[in-house]
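A short write-up of the structure that comes next.
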Amino acid sequence: MDCNRLNVYFIMGTVNCKKDPLKTLEEALQAGITCFQLREKGEGALIGAAYEEFARACQKMCQSYQVPFIVNDDVELALKLNADGIHVGQEDLALSTFREQAKGKIVGVSVHNSREMKQAILNGADYVGIGPIYRTKSKTDAKPPAGLPFLSAMRKQAGNFPIVGIGGITEENASAVRSSGADGVSVISVICHSKDIKQTVENLLLENIN
Ligand SMILES: Nc1nc(C(F)(F)F)ncc1COP(=O)(O)OP(=O)(O)O
Ligand SMILES: [Mg+2]
């Protein structure tokens, strides 16, 4: 996977948005997010036909901006929609169980220590999500913040394997996450709650990537 794709990796579900989620996604795509993950979970999340319809609408929008459409957790839906990728955590379906069916798709894995990262790479992950770097409000069952030194240590072990930082990342701390070894930053609230999504994404983007 081209690690530049991880530059600004927007993650969103309907429960994260104050305004119309599709309008939020459109504005984020227009502003230049480089990857999108549909993470529809939590109190009030869409289910069934409404969930699939929303997922298809997000996928269509990403396609029109040539931005990868990644589905969180739901391998079955990702395969059904022929999504560009799937993201799984340690409690989700193990990558080894679906890597065959997901040939050609981007697969990301959340990791919290070097053993998990090693295993993800061995299992054929295309990138790993490392965090939460800072305290996050977007994930009720998040682990305690791991911090930048942890991220740097994981970068040392990973060589140039694609790594995206996640958890409490804002316009203010994004560059510190990058300089600690992340190829990109993954965000939810900073975009979902932004009054000026265009400006927010621009502030997050690492410009002049080769
Ligand atoms: N969804 C995620 N996306 C990333 C990404 F790398 F894409 F930034 N990293 C980490 C997570 C967290 O994944 P997980 O631990 O399964 O929890 P949840 O399913 O609640 O998100
Ligand atoms: Mg998960």
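Identifiers for the structure tokens are assigned positionally: chains receive A, B, ... in sequence, residues are indexed from 1 per chain, and ligands are indexed from 1 in the order shown.
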Exercise for review: Go through the chains and note each residue within 12 Å of ligand 2, using only C-alpha atoms and all ligand atoms, then give the set as JSON, numbers by chain.
Suggested key: {"A": [11, 37, 38, 39, 40, 41, 42, 71, 72, 73, 74, 75, 86, 87, 88, 89, 90, 91, 92, 93, 94, 95, 108, 109, 110, 111, 129, 139, 141, 142]}
Could you give me, as a compact mmCIF listing (two decimals) with all heavy atoms, in the first residue's frame, the residues within 9 Å of region 43-46 of chain A, counting only C-alpha atoms and dropping anything in the same chain fewer than 3 positions from it?
# COMPACT_ATOMS: atom_id res chain seq x y z
N GLY A 13 -18.88 7.57 11.18
CA GLY A 13 -20.16 6.86 11.18
C GLY A 13 -21.23 7.89 11.48
O GLY A 13 -20.92 9.02 11.92
N THR A 14 -22.48 7.52 11.27
CA THR A 14 -23.55 8.50 11.47
C THR A 14 -23.56 9.04 12.90
O THR A 14 -23.89 10.21 13.13
CB THR A 14 -24.93 7.87 11.16
OG1 THR A 14 -25.08 6.71 11.99
CG2 THR A 14 -25.06 7.48 9.70
N VAL A 15 -23.15 8.23 13.87
CA VAL A 15 -23.24 8.69 15.27
C VAL A 15 -22.19 9.76 15.58
O VAL A 15 -22.29 10.48 16.57
CB VAL A 15 -23.12 7.52 16.29
CG1 VAL A 15 -24.20 6.49 16.07
CG2 VAL A 15 -21.76 6.89 16.21
N GLU A 40 -19.48 2.35 11.36
CA GLU A 40 -20.87 2.55 11.81
C GLU A 40 -21.11 1.70 13.03
O GLU A 40 -21.45 0.52 12.94
CB GLU A 40 -21.83 2.19 10.67
CG GLU A 40 -23.29 2.54 10.93
CD GLU A 40 -23.55 4.03 11.13
OE1 GLU A 40 -22.68 4.85 10.79
OE2 GLU A 40 -24.64 4.34 11.64
N ALA A 49 -30.83 -2.79 6.37
CA ALA A 49 -30.91 -2.16 5.03
C ALA A 49 -30.47 -0.70 5.05
O ALA A 49 -29.79 -0.23 4.14
CB ALA A 49 -32.34 -2.27 4.51
N ALA A 50 -30.80 0.00 6.13
CA ALA A 50 -30.41 1.43 6.22
C ALA A 50 -28.90 1.56 6.28
O ALA A 50 -28.30 2.44 5.66
CB ALA A 50 -31.06 2.05 7.45
N TYR A 51 -28.27 0.63 7.00
CA TYR A 51 -26.80 0.63 7.13
C TYR A 51 -26.17 0.37 5.76
O TYR A 51 -25.29 1.10 5.32
CB TYR A 51 -26.42 -0.43 8.16
CG TYR A 51 -24.98 -0.86 8.21
CD1 TYR A 51 -23.94 0.06 8.14
CD2 TYR A 51 -24.65 -2.21 8.35
CE1 TYR A 51 -22.59 -0.35 8.21
CE2 TYR A 51 -23.33 -2.63 8.42
CZ TYR A 51 -22.31 -1.71 8.33
OH TYR A 51 -20.99 -2.12 8.40
N GLU A 52 -26.69 -0.64 5.07
CA GLU A 52 -26.12 -0.99 3.76
C GLU A 52 -26.32 0.14 2.75
O GLU A 52 -25.41 0.49 1.99
CB GLU A 52 -26.75 -2.28 3.23
CG GLU A 52 -26.12 -2.70 1.89
CD GLU A 52 -26.56 -4.06 1.39
OE1 GLU A 52 -26.76 -4.97 2.23
OE2 GLU A 52 -26.68 -4.20 0.15
N PHE A 54 -26.60 3.31 3.43
CA PHE A 54 -25.68 4.41 3.78
C PHE A 54 -24.25 4.06 3.33
O PHE A 54 -23.54 4.89 2.79
CB PHE A 54 -25.73 4.66 5.30
CG PHE A 54 -24.79 5.73 5.76
CD1 PHE A 54 -25.00 7.06 5.41
CD2 PHE A 54 -23.69 5.42 6.55
CE1 PHE A 54 -24.13 8.06 5.82
CE2 PHE A 54 -22.81 6.42 6.97
CZ PHE A 54 -23.03 7.74 6.60
Requested in this report: Any chance you could list, as a VMD selection string, the residues in region 100-179 of chain A that come up strand (DSSP E) when DSSP is run on the backbone?
Outcome: chain A and resid 106 to 111 127 to 130 163 to 166
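Non-sequential neighbours of region 19-33 of chain A (distance at most 7 Å, separation of 2 or more positions within a chain, only C-alpha atoms) are Val8, Tyr9, Phe10, Thr14, Cys17, Cys35, Cys58, Tyr65, Cys192, Ile197, Lys198, Val201 and Glu202 of chain A.
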